[in-house]
Amino acid sequence: MAQMKEMASATLIGDLIGSRRAHDRGALHDRFAGALAEVNERYAPTTALRITLGDEYQGTFATVGAALQVSLRLRLAMLPEIDLRHGIGWGPVRVLEEEPRVEDGPGWWVARDALTLVEAAEGRPSSRERRTAYLRADDAGGPEPAAIQALLVLMDSAVARLSARSVSVLRDLMSGASQREIAERLGISASAVSQRVRSDGLAALVSADEKMGLI
């Protein structure tokens, strides 16, 4: 018999953009599966991120901040070859079955609505860099969407403008590497890394990511 457990959760639905055009879809799948496994281990979601159908994936988190941080890390793990879009929600989630895991509820409905917002924004010149949106269910409490949406618009725009080298540097910074360690890995001077961090606003992105974790 189906179970009906319910609790407020941060829900995440994402998909890969343009992955059908990938030259080696098998290699792409393996790379992305590895990225999912890494964030699952680090962030311990309440329901592990898993690929559900085609290029779509989903999972649940105890906080909106964790879902936001994971969405950014997954983007950085796949850029510049493949970009990702995410819808993040907050609201009640019902566990209908444990094995296999089946979930439903307003938390999932608003995450789907948020993903639809991103897809619609990509078709407009003024917002085509949009990759992440957040909504919450009615009467669910949780973080206020307006402030988070404003932050996401700015972060998505900043990430979209990064070169492949800057994405690599940002990924390392968010993993805790020092600028000197990054310089050694890339075979360039520490001053060159420092200049890139300043010119591309990478330190601000790292700081914003840290603050997102508190949401």
# chains A, B, ... in the order shown; residues from 1 in each chain; ligands from 1
call {"tool": "residues_around", "arguments": {"residues": "A:Pro106", "least_positions_apart": "5", "cutoff": "10 Å", "atoms": "only C-alpha atoms", "output": "ChimeraX atom specification"}}
result
/A:8-9,11,89-94,111-112,136-138,140
call {"tool": "write_last_selection", "arguments": {"atoms": "C-alpha atoms", "output": "tab-separated table (two decimals), in the first residue's frame"}}
result
chain	number	residue	atom	x	y	z
A	8	ALA	CA	8.41	20.60	3.43
A	9	SER	CA	11.47	20.19	1.24
A	11	THR	CA	13.01	20.33	-4.63
A	89	GLY	CA	10.96	24.80	-5.34
A	90	TRP	CA	9.97	24.81	-1.69
A	91	GLY	CA	6.85	23.14	-0.37
A	92	PRO	CA	5.27	19.95	0.94
A	93	VAL	CA	6.48	16.71	-0.63
A	94	ARG	CA	4.64	13.43	-0.24
A	111	ALA	CA	9.84	23.25	-9.03
A	112	ARG	CA	8.34	22.24	-12.37
A	136	ARG	CA	7.60	28.28	-3.30
A	137	ALA	CA	4.22	26.72	-2.77
A	138	ASP	CA	1.37	28.75	-1.32
A	140	ALA	CA	4.52	26.78	2.62
call {"tool": "select_by_dssp", "arguments": {"residues": "stretch 3-215 of chain A", "states": "strand (DSSP E or B)", "output": "ChimeraX atom specification"}}
result
/A:5-17,47-53,56-61,83-97,102-104,132-136
call {"tool": "write_last_selection", "arguments": {"atoms": "N, CA and C atoms", "output": "tab-separated table (two decimals), in the first residue's frame"}}
result
chain	number	residue	atom	x	y	z
A	5	LYS	N	3.72	9.97	3.54
A	5	LYS	CA	4.52	10.84	4.39
A	5	LYS	C	4.65	12.19	3.70
A	6	GLU	N	4.62	13.28	4.48
A	6	GLU	CA	4.70	14.61	3.89
A	6	GLU	C	5.56	15.51	4.74
A	7	MET	N	6.43	16.28	4.09
A	7	MET	CA	7.25	17.25	4.78
A	7	MET	C	7.69	18.31	3.79
A	8	ALA	N	7.93	19.52	4.29
A	8	ALA	CA	8.41	20.60	3.43
A	8	ALA	C	9.85	20.31	3.03
A	9	SER	N	10.14	20.48	1.77
A	9	SER	CA	11.47	20.19	1.24
A	9	SER	C	11.82	21.18	0.14
A	10	ALA	N	13.11	21.30	-0.11
A	10	ALA	CA	13.59	22.02	-1.29
A	10	ALA	C	13.72	21.00	-2.42
A	11	THR	N	13.03	21.26	-3.50
A	11	THR	CA	13.01	20.33	-4.63
A	11	THR	C	13.81	20.91	-5.78
A	12	LEU	N	14.47	20.05	-6.53
A	12	LEU	CA	15.27	20.50	-7.66
A	12	LEU	C	14.97	19.61	-8.86
A	13	ILE	N	14.62	20.24	-9.97
A	13	ILE	CA	14.47	19.56	-11.25
A	13	ILE	C	15.39	20.25	-12.24
A	14	GLY	N	16.17	19.48	-12.96
A	14	GLY	CA	17.07	20.07	-13.94
A	14	GLY	C	17.14	19.25	-15.20
A	15	ASP	N	17.69	19.85	-16.24
A	15	ASP	CA	17.99	19.08	-17.44
A	15	ASP	C	19.17	19.69	-18.18
A	16	LEU	N	19.73	18.90	-19.07
A	16	LEU	CA	20.88	19.31	-19.86
A	16	LEU	C	20.38	19.98	-21.13
A	17	ILE	N	21.00	21.10	-21.49
A	17	ILE	CA	20.59	21.87	-22.66
A	17	ILE	C	21.39	21.42	-23.88
A	47	THR	N	16.62	13.23	-0.73
A	47	THR	CA	16.42	12.23	-1.79
A	47	THR	C	17.53	12.46	-2.80
A	48	ALA	N	18.36	11.48	-3.02
A	48	ALA	CA	19.54	11.66	-3.87
A	48	ALA	C	19.15	12.11	-5.27
A	49	LEU	N	19.95	12.98	-5.83
A	49	LEU	CA	19.77	13.38	-7.22
A	49	LEU	C	19.94	12.16	-8.11
A	50	ARG	N	19.00	11.99	-9.04
A	50	ARG	CA	19.10	10.85	-9.95
A	50	ARG	C	18.49	11.26	-11.29
A	51	ILE	N	19.00	10.65	-12.34
A	51	ILE	CA	18.46	10.87	-13.68
A	51	ILE	C	17.13	10.14	-13.76
A	52	THR	N	16.09	10.85	-14.21
A	52	THR	CA	14.75	10.27	-14.20
A	52	THR	C	14.28	9.83	-15.59
A	53	LEU	N	14.49	10.67	-16.59
A	53	LEU	CA	14.05	10.33	-17.94
A	53	LEU	C	14.83	11.18	-18.92
A	56	GLU	N	16.74	14.57	-17.95
A	56	GLU	CA	16.21	15.25	-16.78
A	56	GLU	C	16.63	14.53	-15.51
A	57	TYR	N	16.75	15.29	-14.43
A	57	TYR	CA	17.18	14.73	-13.15
A	57	TYR	C	16.49	15.50	-12.04
A	58	GLN	N	16.43	14.90	-10.86
A	58	GLN	CA	15.76	15.57	-9.74
A	58	GLN	C	16.22	15.00	-8.41
A	59	GLY	N	15.97	15.78	-7.36
A	59	GLY	CA	16.29	15.36	-6.00
A	59	GLY	C	15.72	16.36	-5.02
A	60	THR	N	15.77	16.04	-3.72
A	60	THR	CA	15.26	16.95	-2.70
A	60	THR	C	16.32	17.23	-1.65
A	61	PHE	N	16.21	18.41	-1.03
A	61	PHE	CA	17.18	18.88	-0.05
A	61	PHE	C	16.46	19.43	1.17
A	83	ASP	N	25.49	23.18	-21.02
A	83	ASP	CA	24.91	24.00	-19.95
A	83	ASP	C	23.68	23.29	-19.40
A	84	LEU	N	23.23	23.74	-18.22
A	84	LEU	CA	22.11	23.13	-17.53
A	84	LEU	C	21.11	24.21	-17.15
A	85	ARG	N	19.85	23.81	-17.02
A	85	ARG	CA	18.82	24.69	-16.46
A	85	ARG	C	18.20	24.00	-15.25
A	86	HIS	N	17.75	24.81	-14.28
A	86	HIS	CA	17.21	24.26	-13.04
A	86	HIS	C	15.96	25.01	-12.59
A	87	GLY	N	15.01	24.25	-12.10
A	87	GLY	CA	13.87	24.79	-11.37
A	87	GLY	C	13.96	24.30	-9.94
A	88	ILE	N	13.90	25.22	-8.98
A	88	ILE	CA	14.01	24.89	-7.56
A	88	ILE	C	12.73	25.34	-6.87
A	89	GLY	N	12.19	24.48	-6.03
A	89	GLY	CA	10.96	24.80	-5.34
A	89	GLY	C	11.07	24.56	-3.84
A	90	TRP	N	10.09	25.09	-3.12
A	90	TRP	CA	9.97	24.81	-1.69
A	90	TRP	C	8.50	24.57	-1.39
A	91	GLY	N	8.23	23.44	-0.73
A	91	GLY	CA	6.85	23.14	-0.37
A	91	GLY	C	6.71	21.70	0.08
A	92	PRO	N	5.50	21.31	0.47
A	92	PRO	CA	5.27	19.95	0.94
A	92	PRO	C	5.55	18.91	-0.15
A	93	VAL	N	6.19	17.84	0.26
A	93	VAL	CA	6.48	16.71	-0.63
A	93	VAL	C	5.94	15.45	0.02
A	94	ARG	N	5.18	14.69	-0.73
A	94	ARG	CA	4.64	13.43	-0.24
A	94	ARG	C	5.43	12.26	-0.82
A	95	VAL	N	5.82	11.35	0.04
A	95	VAL	CA	6.47	10.12	-0.40
A	95	VAL	C	5.37	9.07	-0.59
A	96	LEU	N	5.10	8.73	-1.82
A	96	LEU	CA	4.04	7.77	-2.12
A	96	LEU	C	4.52	6.34	-2.01
A	97	GLU	N	5.75	6.11	-2.43
A	97	GLU	CA	6.36	4.78	-2.35
A	97	GLU	C	7.85	4.94	-2.06
A	102	VAL	N	8.89	7.19	-5.13
A	102	VAL	CA	7.88	7.97	-5.86
A	102	VAL	C	7.45	9.12	-4.96
A	103	GLU	N	7.57	10.35	-5.45
A	103	GLU	CA	7.21	11.53	-4.67
A	103	GLU	C	6.25	12.41	-5.46
A	104	ASP	N	5.48	13.20	-4.73
A	104	ASP	CA	4.49	14.09	-5.34
A	104	ASP	C	4.27	15.25	-4.37
A	132	THR	N	18.34	29.47	-13.92
A	132	THR	CA	17.86	28.98	-12.63
A	132	THR	C	16.71	29.84	-12.14
A	133	ALA	N	15.67	29.21	-11.61
A	133	ALA	CA	14.55	29.94	-11.01
A	133	ALA	C	14.10	29.22	-9.75
A	134	TYR	N	13.50	30.00	-8.84
A	134	TYR	CA	13.02	29.45	-7.57
A	134	TYR	C	11.61	29.95	-7.30
A	135	LEU	N	10.74	29.03	-6.88
A	135	LEU	CA	9.38	29.36	-6.46
A	135	LEU	C	9.05	28.56	-5.21
A	136	ARG	N	8.05	29.05	-4.46
A	136	ARG	CA	7.60	28.28	-3.30
A	136	ARG	C	6.09	28.08	-3.37
call {"tool": "select_by_dssp", "arguments": {"residues": "stretch 30-138 of chain A", "states": "helix (DSSP H, G or I)", "output": "PyMOL selection string"}}
result
chain A and resi 30-43+64-78+106-121+125-127
call {"tool": "write_last_selection", "arguments": {"atoms": "C-alpha atoms", "output": "short mmCIF file (atom, residue, chain, number, x, y, z; two decimals), in the first residue's frame"}}
result
data_model
loop_
_atom_site.label_atom_id
_atom_site.label_comp_id
_atom_site.auth_asym_id
_atom_site.auth_seq_id
_atom_site.Cartn_x
_atom_site.Cartn_y
_atom_site.Cartn_z
CA ASP A 30 29.06 9.10 -17.67
CA ARG A 31 30.49 12.54 -16.97
CA PHE A 32 27.17 13.85 -15.70
CA ALA A 33 26.48 10.75 -13.61
CA GLY A 34 29.86 11.36 -11.97
CA ALA A 35 28.92 14.98 -11.23
CA LEU A 36 25.66 13.84 -9.63
CA ALA A 37 27.47 11.27 -7.51
CA GLU A 38 29.93 13.92 -6.30
CA VAL A 39 27.27 16.39 -5.15
CA ASN A 40 25.19 13.59 -3.62
CA GLU A 41 28.16 12.60 -1.50
CA ARG A 42 29.04 16.16 -0.49
CA TYR A 43 25.56 17.56 0.16
CA VAL A 64 16.80 25.87 -0.40
CA GLY A 65 20.40 27.01 0.04
CA ALA A 66 21.74 23.49 -0.51
CA ALA A 67 19.65 23.11 -3.67
CA LEU A 68 20.94 26.44 -4.98
CA GLN A 69 24.56 25.53 -4.30
CA VAL A 70 24.17 22.15 -5.96
CA SER A 71 22.58 23.69 -9.06
CA LEU A 72 25.59 25.99 -9.50
CA ARG A 73 28.11 23.22 -8.96
CA LEU A 74 26.43 20.99 -11.50
CA ARG A 75 26.55 23.81 -14.07
CA LEU A 76 30.24 24.41 -13.44
CA ALA A 77 30.96 20.67 -13.64
CA MET A 78 29.55 20.51 -17.18
CA PRO A 106 3.22 21.08 -4.13
CA GLY A 107 6.98 21.17 -3.64
CA TRP A 108 7.42 19.32 -6.91
CA TRP A 109 4.73 21.29 -8.72
CA VAL A 110 6.43 24.63 -8.06
CA ALA A 111 9.84 23.25 -9.03
CA ARG A 112 8.34 22.24 -12.37
CA ASP A 113 6.79 25.70 -12.72
CA ALA A 114 10.20 27.25 -11.98
CA LEU A 115 11.84 25.14 -14.68
CA THR A 116 9.15 26.25 -17.11
CA LEU A 117 9.97 29.88 -16.24
CA VAL A 118 13.60 29.28 -17.17
CA GLU A 119 12.67 27.66 -20.46
CA ALA A 120 10.40 30.58 -21.34
CA ALA A 121 13.07 33.13 -20.38
CA PRO A 125 16.63 38.32 -25.74
CA SER A 126 16.48 40.21 -22.44
CA SER A 127 16.72 37.04 -20.34
#
call {"tool": "closest_atom_pairs", "arguments": {"of": "stretch 135-162 of chain A", "to": "stretch 210-214 of chain A", "cutoff": "10 Å", "atoms": "only C-alpha atoms", "output": "JSON lines"}}
result
{"residue": "A:Ile148", "atom": "CA", "partner": "A:Met212", "partner_atom": "CA", "distance": 8.8}
{"residue": "A:Leu151", "atom": "CA", "partner": "A:Met212", "partner_atom": "CA", "distance": 9.1}
{"residue": "A:Leu152", "atom": "CA", "partner": "A:Met212", "partner_atom": "CA", "distance": 9.9}
call {"tool": "write_last_selection", "arguments": {"atoms": "N, CA and C atoms", "output": "compact mmCIF listing (two decimals), in the first residue's frame"}}
result
# COMPACT_ATOMS: atom_id res chain seq x y z
N ILE A 148 15.61 35.91 -3.88
CA ILE A 148 16.41 34.84 -4.45
C ILE A 148 16.40 34.91 -5.97
N LEU A 151 18.94 37.46 -7.06
CA LEU A 151 20.29 36.93 -6.95
C LEU A 151 20.59 35.97 -8.10
N LEU A 152 19.64 35.12 -8.43
CA LEU A 152 19.86 34.13 -9.48
C LEU A 152 20.02 34.78 -10.85
call {"tool": "closest_atom_pairs", "arguments": {"of": "stretch 76-130 of chain A", "to": "stretch 153-167 of chain A", "cutoff": "6 Å", "atoms": "only C-alpha atoms", "output": "CSV"}}
result
residue,atom,partner,partner_atom,distance
A:Pro80,CA,A:Ala164,CA,5.8
A:Glu129,CA,A:Ser157,CA,5.6
A:Arg130,CA,A:Asp156,CA,5.8
call {"tool": "residues_around", "arguments": {"residues": "stretch 188-204 of chain A", "least_positions_apart": "5", "cutoff": "7 Å", "atoms": "only C-alpha atoms", "output": "list in words"}}
result
Leu170, Gln179, Arg180 and Ala183 of chain A
call {"tool": "write_last_selection", "arguments": {"atoms": "C-alpha atoms", "output": "mmCIF file, in the first residue's frame"}}
result
data_model
loop_
_atom_site.group_PDB
_atom_site.id
_atom_site.type_symbol
_atom_site.label_atom_id
_atom_site.label_comp_id
_atom_site.auth_asym_id
_atom_site.auth_seq_id
_atom_site.Cartn_x
_atom_site.Cartn_y
_atom_site.Cartn_z
ATOM 1 C CA LEU A 170 35.879 29.312 -10.315
ATOM 2 C CA GLN A 179 45.050 30.765 -6.040
ATOM 3 C CA ARG A 180 48.602 29.422 -5.844
ATOM 4 C CA ALA A 183 48.170 28.513 -10.778
#
call {"tool": "atom_distance", "arguments": {"atom1": "atom CA of A:Leu205", "atom2": "atom CA of A:Glu184"}}
result
22.0 Å
call {"tool": "decode", "arguments": {"residues": "stretch 165-181 of chain A", "atoms": "N, CA and C atoms", "output": "mmCIF file, in the first residue's frame"}}
result
data_model
loop_
_atom_site.group_PDB
_atom_site.id
_atom_site.type_symbol
_atom_site.label_atom_id
_atom_site.label_comp_id
_atom_site.auth_asym_id
_atom_site.auth_seq_id
_atom_site.Cartn_x
_atom_site.Cartn_y
_atom_site.Cartn_z
ATOM 1 N N ARG A 165 38.406 29.003 -19.239
ATOM 2 C CA ARG A 165 39.459 29.068 -18.227
ATOM 3 C C ARG A 165 38.912 29.639 -16.918
ATOM 4 N N SER A 166 38.065 30.653 -17.002
ATOM 5 C CA SER A 166 37.503 31.239 -15.786
ATOM 6 C C SER A 166 36.549 30.283 -15.088
ATOM 7 N N VAL A 167 35.793 29.500 -15.857
ATOM 8 C CA VAL A 167 34.938 28.472 -15.259
ATOM 9 C C VAL A 167 35.791 27.483 -14.473
ATOM 10 N N SER A 168 36.921 27.091 -15.039
ATOM 11 C CA SER A 168 37.820 26.158 -14.369
ATOM 12 C C SER A 168 38.367 26.752 -13.077
ATOM 13 N N VAL A 169 38.754 28.030 -13.119
ATOM 14 C CA VAL A 169 39.271 28.687 -11.918
ATOM 15 C C VAL A 169 38.182 28.797 -10.860
ATOM 16 N N LEU A 170 36.983 29.191 -11.266
ATOM 17 C CA LEU A 170 35.879 29.312 -10.315
ATOM 18 C C LEU A 170 35.554 27.965 -9.682
ATOM 19 N N ARG A 171 35.555 26.929 -10.476
ATOM 20 C CA ARG A 171 35.292 25.583 -9.953
ATOM 21 C C ARG A 171 36.300 25.216 -8.873
ATOM 22 N N ASP A 172 37.554 25.528 -9.109
ATOM 23 C CA ASP A 172 38.597 25.218 -8.127
ATOM 24 C C ASP A 172 38.450 26.071 -6.871
ATOM 25 N N LEU A 173 38.147 27.359 -7.050
ATOM 26 C CA LEU A 173 37.973 28.232 -5.890
ATOM 27 C C LEU A 173 36.836 27.737 -5.001
ATOM 28 N N MET A 174 35.748 27.310 -5.606
ATOM 29 C CA MET A 174 34.609 26.835 -4.834
ATOM 30 C C MET A 174 34.874 25.484 -4.187
ATOM 31 N N SER A 175 35.903 24.799 -4.666
ATOM 32 C CA SER A 175 36.302 23.534 -4.045
ATOM 33 C C SER A 175 37.300 23.741 -2.922
ATOM 34 N N GLY A 176 37.702 25.009 -2.699
ATOM 35 C CA GLY A 176 38.603 25.316 -1.598
ATOM 36 C C GLY A 176 40.060 25.452 -1.966
ATOM 37 N N ALA A 177 40.375 25.382 -3.270
ATOM 38 C CA ALA A 177 41.772 25.506 -3.693
ATOM 39 C C ALA A 177 42.235 26.956 -3.567
ATOM 40 N N SER A 178 43.519 27.142 -3.236
ATOM 41 C CA SER A 178 44.082 28.485 -3.174
ATOM 42 C C SER A 178 44.458 28.942 -4.582
ATOM 43 N N GLN A 179 44.654 30.248 -4.736
ATOM 44 C CA GLN A 179 45.050 30.765 -6.040
ATOM 45 C C GLN A 179 46.412 30.204 -6.467
ATOM 46 N N ARG A 180 47.300 29.992 -5.507
ATOM 47 C CA ARG A 180 48.602 29.422 -5.844
ATOM 48 C C ARG A 180 48.441 27.977 -6.346
ATOM 49 N N GLU A 181 47.593 27.218 -5.696
ATOM 50 C CA GLU A 181 47.358 25.833 -6.136
ATOM 51 C C GLU A 181 46.729 25.804 -7.529
#
